[in-house]
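What's in input.cif: mmCIF, C-alpha atoms and all ligand atoms
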```cif
data_target
loop_
_atom_site.label_atom_id
_atom_site.label_comp_id
_atom_site.auth_asym_id
_atom_site.auth_seq_id
_atom_site.Cartn_x
_atom_site.Cartn_y
_atom_site.Cartn_z
CA MET E 22 134.45 67.53 61.25
CA SER E 23 136.38 70.54 62.52
CA ASP E 24 136.79 73.82 60.54
CA LYS E 25 140.46 73.07 60.05
CA LYS E 26 142.06 69.73 59.33
CA GLY E 27 144.77 68.35 61.60
CA ARG E 28 148.28 68.59 60.17
CA LEU E 29 150.94 65.89 60.03
CA PHE E 30 154.49 66.48 61.22
CA ILE E 31 157.06 63.81 60.43
CA ILE E 32 160.16 63.58 62.60
CA SER E 33 162.98 61.19 61.65
CA SER E 34 166.60 60.67 62.62
CA PRO E 35 169.02 57.79 62.87
CA SER E 36 168.67 55.73 66.02
CA GLY E 37 170.27 57.69 68.87
CA GLY E 38 169.76 60.95 66.98
CA GLY E 39 167.62 62.22 69.83
CA LYS E 40 164.04 61.94 68.53
CA GLY E 41 162.68 60.61 71.82
CA THR E 42 164.48 63.25 73.88
CA VAL E 43 163.62 66.18 71.60
CA ILE E 44 159.99 65.08 71.15
CA GLY E 45 159.71 64.76 74.95
CA HIS E 46 160.55 68.47 75.26
CA ILE E 47 158.11 69.35 72.46
CA MET E 48 155.23 67.40 74.04
CA ASP E 49 155.92 69.08 77.41
CA THR E 50 155.39 72.52 75.87
CA GLU E 51 152.81 71.82 73.14
CA PRO E 52 149.99 69.96 74.91
CA GLU E 53 147.61 70.41 71.97
CA LEU E 54 149.84 68.23 69.76
CA SER E 55 149.11 64.49 69.52
CA LEU E 56 151.92 61.95 69.32
CA SER E 57 151.19 58.91 67.18
CA ILE E 58 151.75 55.57 68.95
CA SER E 59 153.32 53.04 66.58
CA ALA E 60 153.07 49.28 66.53
CA THR E 61 156.29 47.27 66.57
CA THR E 62 157.50 43.69 66.70
CA ARG E 63 160.59 44.59 68.72
CA LYS E 64 160.73 43.69 72.39
CA PRO E 65 159.97 46.43 74.94
CA ARG E 66 162.95 48.12 76.59
CA GLU E 67 163.01 48.62 80.33
CA GLY E 68 160.41 51.21 81.25
CA GLU E 69 158.52 51.01 77.96
CA GLU E 70 154.79 50.37 78.29
CA HIS E 71 152.39 48.74 75.84
CA GLY E 72 150.02 51.35 74.49
CA VAL E 73 152.22 54.23 75.65
CA SER E 74 155.66 53.84 74.02
CA TYR E 75 154.43 51.42 71.35
CA TYR E 76 151.87 48.69 70.78
CA PHE E 77 154.14 45.66 71.15
CA ILE E 78 152.79 42.93 68.89
CA THR E 79 153.97 39.69 67.28
CA LYS E 80 155.16 39.35 63.67
CA GLU E 81 151.97 37.42 62.86
CA GLN E 82 149.78 40.16 64.30
CA PHE E 83 151.80 42.78 62.43
CA GLU E 84 151.50 40.97 59.11
CA GLU E 85 147.74 40.57 59.56
CA LEU E 86 147.29 44.25 60.35
CA ALA E 87 149.49 45.26 57.41
CA GLU E 88 147.50 43.05 55.06
CA SER E 89 144.20 44.45 56.28
CA GLY E 90 145.38 48.01 55.52
CA ALA E 91 145.47 49.07 59.17
CA PHE E 92 148.74 51.01 58.77
CA LEU E 93 149.21 54.44 57.28
CA GLU E 94 152.79 53.33 56.60
CA HIS E 95 154.99 50.50 57.73
CA ALA E 96 158.58 49.41 57.30
CA LYS E 97 161.15 46.85 58.26
CA TYR E 98 163.94 48.49 60.23
CA ILE E 99 166.92 46.15 60.64
CA ASP E 100 165.04 42.96 61.55
CA GLU E 101 161.87 44.29 63.18
CA TYR E 102 158.66 45.79 61.82
CA TYR E 103 157.28 49.22 62.70
CA GLY E 104 154.02 50.80 61.57
CA THR E 105 151.71 53.76 62.18
CA PRO E 106 148.09 52.73 62.94
CA LYS E 107 145.96 54.55 60.38
CA SER E 108 142.64 55.18 62.13
CA PRO E 109 143.97 57.42 64.97
CA ILE E 110 145.70 59.56 62.32
CA ASP E 111 142.51 59.79 60.25
CA ASP E 112 140.69 60.90 63.43
CA CYS E 113 143.32 63.57 64.20
CA ILE E 114 143.08 64.97 60.68
CA TYR E 115 139.25 64.93 60.79
CA TYR E 116 138.94 66.54 64.22
CA GLY E 117 141.65 69.16 63.54
CA ARG E 118 144.34 67.83 65.89
CA ASP E 119 147.94 68.25 64.74
CA VAL E 120 149.91 65.03 65.08
CA LEU E 121 153.61 64.11 65.28
CA LEU E 122 154.84 60.92 63.61
CA GLU E 123 158.18 59.70 64.94
CA ILE E 124 159.14 57.30 62.14
CA GLU E 125 162.15 56.11 60.17
CA VAL E 126 163.00 57.12 56.61
CA GLN E 127 161.17 54.42 54.57
CA GLY E 128 157.91 55.10 56.39
CA ALA E 129 158.45 58.85 56.11
CA ARG E 130 158.66 58.52 52.31
CA GLN E 131 155.32 56.65 52.29
CA VAL E 132 153.65 59.40 54.33
CA MET E 133 155.19 62.16 52.14
CA GLU E 134 153.70 60.47 49.06
CA GLN E 135 150.22 60.23 50.59
CA TYR E 136 150.33 63.64 52.30
CA PRO E 137 152.63 65.95 50.30
CA GLU E 138 151.55 68.82 52.57
CA ALA E 139 152.96 67.06 55.67
CA ILE E 140 155.84 68.97 57.26
CA SER E 141 158.97 66.85 57.68
CA VAL E 142 161.94 67.38 59.98
CA PHE E 143 165.13 65.33 59.99
CA ILE E 144 167.16 65.52 63.19
CA VAL E 145 170.90 65.05 62.66
CA PRO E 146 173.52 64.44 65.35
CA PRO E 147 176.41 66.94 65.46
CA ASP E 148 178.67 64.15 64.04
CA MET E 149 178.88 60.35 63.78
CA GLN E 150 181.08 59.94 66.85
CA THR E 151 178.55 61.83 68.99
CA LEU E 152 175.78 59.63 67.58
CA GLU E 153 177.70 56.49 68.54
CA ASN E 154 178.51 57.84 72.00
CA ARG E 155 174.88 58.75 72.65
CA LEU E 156 173.55 55.43 71.38
CA ARG E 157 176.10 53.51 73.46
CA GLY E 158 175.37 55.74 76.45
CA ARG E 159 171.68 54.83 76.27
CA ARG E 160 172.61 51.18 76.97
CA THR E 161 169.56 49.71 75.27
CA GLU E 162 171.18 47.71 72.46
CA SER E 163 173.44 44.67 72.34
CA GLU E 164 176.77 45.24 70.54
CA ASP E 165 175.41 43.53 67.38
CA LYS E 166 172.24 45.60 67.32
CA LEU E 167 174.21 48.77 68.03
CA LYS E 168 176.50 48.10 65.05
CA ALA E 169 173.51 47.40 62.79
CA ARG E 170 171.86 50.66 63.91
CA LEU E 171 175.05 52.66 63.24
CA ASP E 172 175.46 51.04 59.80
CA THR E 173 171.85 51.88 58.97
CA ALA E 174 172.41 55.44 60.23
CA ARG E 175 174.86 56.14 57.39
CA THR E 176 172.27 55.41 54.68
CA GLU E 177 169.46 57.07 56.67
CA LEU E 178 171.47 60.31 56.83
CA GLU E 179 171.51 60.45 53.02
CA GLU E 180 167.69 60.67 53.12
CA LYS E 181 167.75 64.04 54.87
CA ILE E 182 167.54 65.83 51.49
CA HIS E 183 163.92 64.67 51.17
CA TYR E 184 162.84 66.50 54.32
CA ASN E 185 161.58 70.08 54.55
CA HIS E 186 163.85 70.89 57.49
CA VAL E 187 167.11 69.57 58.96
CA VAL E 188 167.74 70.33 62.65
CA VAL E 189 171.02 69.63 64.45
CA ASN E 190 170.60 68.03 67.87
CA ASP E 191 173.50 69.77 69.58
CA ASP E 192 171.43 70.70 72.61
CA ALA E 193 168.12 68.84 72.89
CA LYS E 194 166.12 71.79 74.28
CA ARG E 195 167.44 74.12 71.62
CA ALA E 196 166.63 71.58 68.88
CA ALA E 197 163.11 71.19 70.34
CA GLU E 198 162.64 74.98 70.26
CA GLU E 199 163.75 75.09 66.62
CA ILE E 200 161.20 72.39 65.73
CA MET E 201 158.42 74.14 67.68
CA GLU E 202 159.19 77.29 65.70
CA ILE E 203 158.85 75.27 62.48
CA ILE E 204 155.53 73.85 63.71
CA ASN E 205 154.16 77.22 64.76
CA LYS E 206 155.37 79.05 61.62
CA SER E 207 153.69 76.46 59.40
CA LYS E 208 150.30 77.22 60.98
CA GLY E 209 149.57 79.93 58.46
CA GLU E 210 150.89 77.92 55.52
CA ILE E 211 148.69 74.78 55.48
P1 LIG E 301 166.34 58.29 69.42
O1 LIG E 301 164.96 58.39 70.02
O2 LIG E 301 166.48 59.12 68.18
O3 LIG E 301 166.83 56.89 69.21
P2 LIG E 301 167.21 59.24 72.07
O4 LIG E 301 166.31 60.42 72.31
O5 LIG E 301 166.91 57.98 72.78
O6 LIG E 301 167.35 58.97 70.48
O7 LIG E 301 168.70 59.72 72.38
C1 LIG E 301 169.78 58.79 72.42
C2 LIG E 301 170.60 59.06 73.66
O8 LIG E 301 171.26 60.32 73.54
C3 LIG E 301 169.78 59.11 74.93
O9 LIG E 301 170.49 58.47 75.98
C4 LIG E 301 169.61 60.60 75.20
O10 LIG E 301 169.50 60.89 76.57
C5 LIG E 301 170.91 61.20 74.61
N1 LIG E 301 170.74 62.52 74.01
C6 LIG E 301 169.77 62.91 73.15
N2 LIG E 301 169.97 64.20 72.78
C7 LIG E 301 171.08 64.62 73.42
C8 LIG E 301 171.79 65.88 73.44
N3 LIG E 301 171.41 66.92 72.73
N4 LIG E 301 172.92 65.95 74.21
C9 LIG E 301 173.33 64.87 74.91
N5 LIG E 301 172.71 63.67 74.95
C10 LIG E 301 171.59 63.55 74.20
P1 LIG E 302 163.37 52.05 68.16
O1 LIG E 302 163.51 50.56 68.08
O2 LIG E 302 164.69 52.72 68.47
O3 LIG E 302 162.25 52.51 69.06
O4 LIG E 302 162.96 52.57 66.70
C1 LIG E 302 163.72 52.23 65.58
C2 LIG E 302 163.35 53.13 64.41
O5 LIG E 302 162.01 52.88 64.04
C3 LIG E 302 163.44 54.61 64.75
O6 LIG E 302 164.03 55.28 63.62
C4 LIG E 302 162.00 55.02 64.90
O7 LIG E 302 161.76 56.37 64.57
C5 LIG E 302 161.35 54.13 63.88
N1 LIG E 302 159.91 53.95 64.07
C6 LIG E 302 159.18 53.96 65.22
N2 LIG E 302 157.88 53.81 64.96
C7 LIG E 302 157.76 53.72 63.61
C8 LIG E 302 156.66 53.56 62.72
O8 LIG E 302 155.50 53.49 63.09
N3 LIG E 302 156.94 53.48 61.40
C9 LIG E 302 158.21 53.57 60.91
N4 LIG E 302 158.37 53.50 59.60
N5 LIG E 302 159.26 53.72 61.72
C10 LIG E 302 159.04 53.80 63.05
#
```
Output the file's structure in the form of structure tokens.
Amino acid sequence: MSDKKGRLFIISSPSGGGKGTVIGHIMDTEPELSLSISATTRKPREGEEHGVSYYFITKEQFEELAESGAFLEHAKYIDEYYGTPKSPIDDCIYYGRDVLLEIEVQGARQVMEQYPEAISVFIVPPDMQTLENRLRGRRTESEDKLKARLDTARTELEEKIHYNHVVVNDDAKRAAEEIMEIINKSKGEI
């Protein structure tokens, strides 16, 4: 056990809000931070690697893991399952490593309940049209999936009031700097 416990940082946003991009900048400049690798039942996108982007598993595997209590939190997002493996997070906390959880709003609520001291950040797009343009520009979703993600985004945005901080992703590097400031400022607080 380390002198200090690792801290949890939750980062959420609607799909296309820029989590991946902003977190990429954060991880480039904060090498001591760990990034939690989630499990999901969705299919890998081009360039995504098992064990790096996600653990890509089947619905049956997911359900078994969920039942055995292997997830810190888990949620159904549109028609796929996503969950945070619990034991790596327990290890980070025990060994004093701060860890980022990039998760959607239902899972974030579960983590906030278990760890009220976790610091939460909700990334918002400058406006809905920009969100749609960015999500379309990424070219990873079919038209149906894109529409479902944008519909879900409207209700997800209402959840931002439950987060400690709201950061606008106007410029991704600037947003990353704002979040790093939040992370570094909180060092003395928890
Ligand atoms: P998320 O991980 O939240 O789904 P991404 O990081 O994949 O979002 O961002 C969605 C798309 O928007 C990507 O193609 C990304 O390159 C682009 N993007 C993200 N942030 C910005 C920004 N500040 N300005 C312009 N484009 C951005
Ligand atoms: P995507 O399919 O775009 O990678 O992710 C869809 C949504 O699921 C995003 O909002 C992303 O943050 C969220 N997500 C990714 N991993 C997890 C997880 O482990 N748990 C929860 N609850 N959401 C996750």
Please identify all polymer residues within 12 Å of Arg160 of chain E, counting all atoms listed in the file, omitting same-chain residues fewer than 6 positions from it, and present them as a PyMOL selection string. chain E and resi 37+66-67+153-154+166-167
Using all atoms listed in the file, determine which residues lie at most 12 Å from Ile182 of chain E, disregarding the query and same-chain residues fewer than 5 positions distant; provide the list as an MDAnalysis selection string. chainID E and resid 126 130 141:145 176:177 187
Enumerate as a PyMOL selection string the residues within 6 Å of ligand LIG 301 (chain E), counting only C-alpha atoms and all ligand atoms. chain E and resi 34+36-42+155-156+158-159+190-193
Do a neighbour search on Glu138 of chain E at 12 Å with only C-alpha atoms, toss out local chain neighbours closer than 5 positions, and write the hits as a ChimeraX atom specification. /E:26-31,132-133,184-185,207-208,210-211
Please determine the residues with any atom at most 12 Å from (155.6, 76.7, 67.3) (coordinates as given in the file, with all atoms listed in the file counting) and report them as number ranges by chain. E: 30, 47-48, 50-54, 119, 197-209
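When atom CA of Glu81 of chain E is paired with atom CA of Tyr103 of chain E, their separation reads 12.9 Å.
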Around ligand LIG 302 (chain E), out to 10 Å and counting all atoms listed in the file, which residues are there? I want them as a PyMOL selection string. chain E and resi 31-41+57-66+69+74-76+92-99+101-107+122-132+156+161-162+170+173-174+177
Measure the distance from atom CA of Ser55 of chain E to atom CA of Cys113 of chain E in Å and round it to one decimal. 7.9 Å
What is the atom CA of Met149 of chain E to atom CA of Ser163 of chain E distance in Å? 18.7 Å
Looking at only C-alpha atoms, which of E:Val73, E:Leu121, E:Ile114, E:Ala139 is the one that sits closest to Ile44 of chain E?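 Selected residue with least distance to Ile44 of chain E: E:Leu121.
Here the question is which of E:Arg118, E:His71, E:Arg157, E:Lys80 gets nearest to Asp24 of chain E using all atoms listed in the file, and that residue is E:Arg118.
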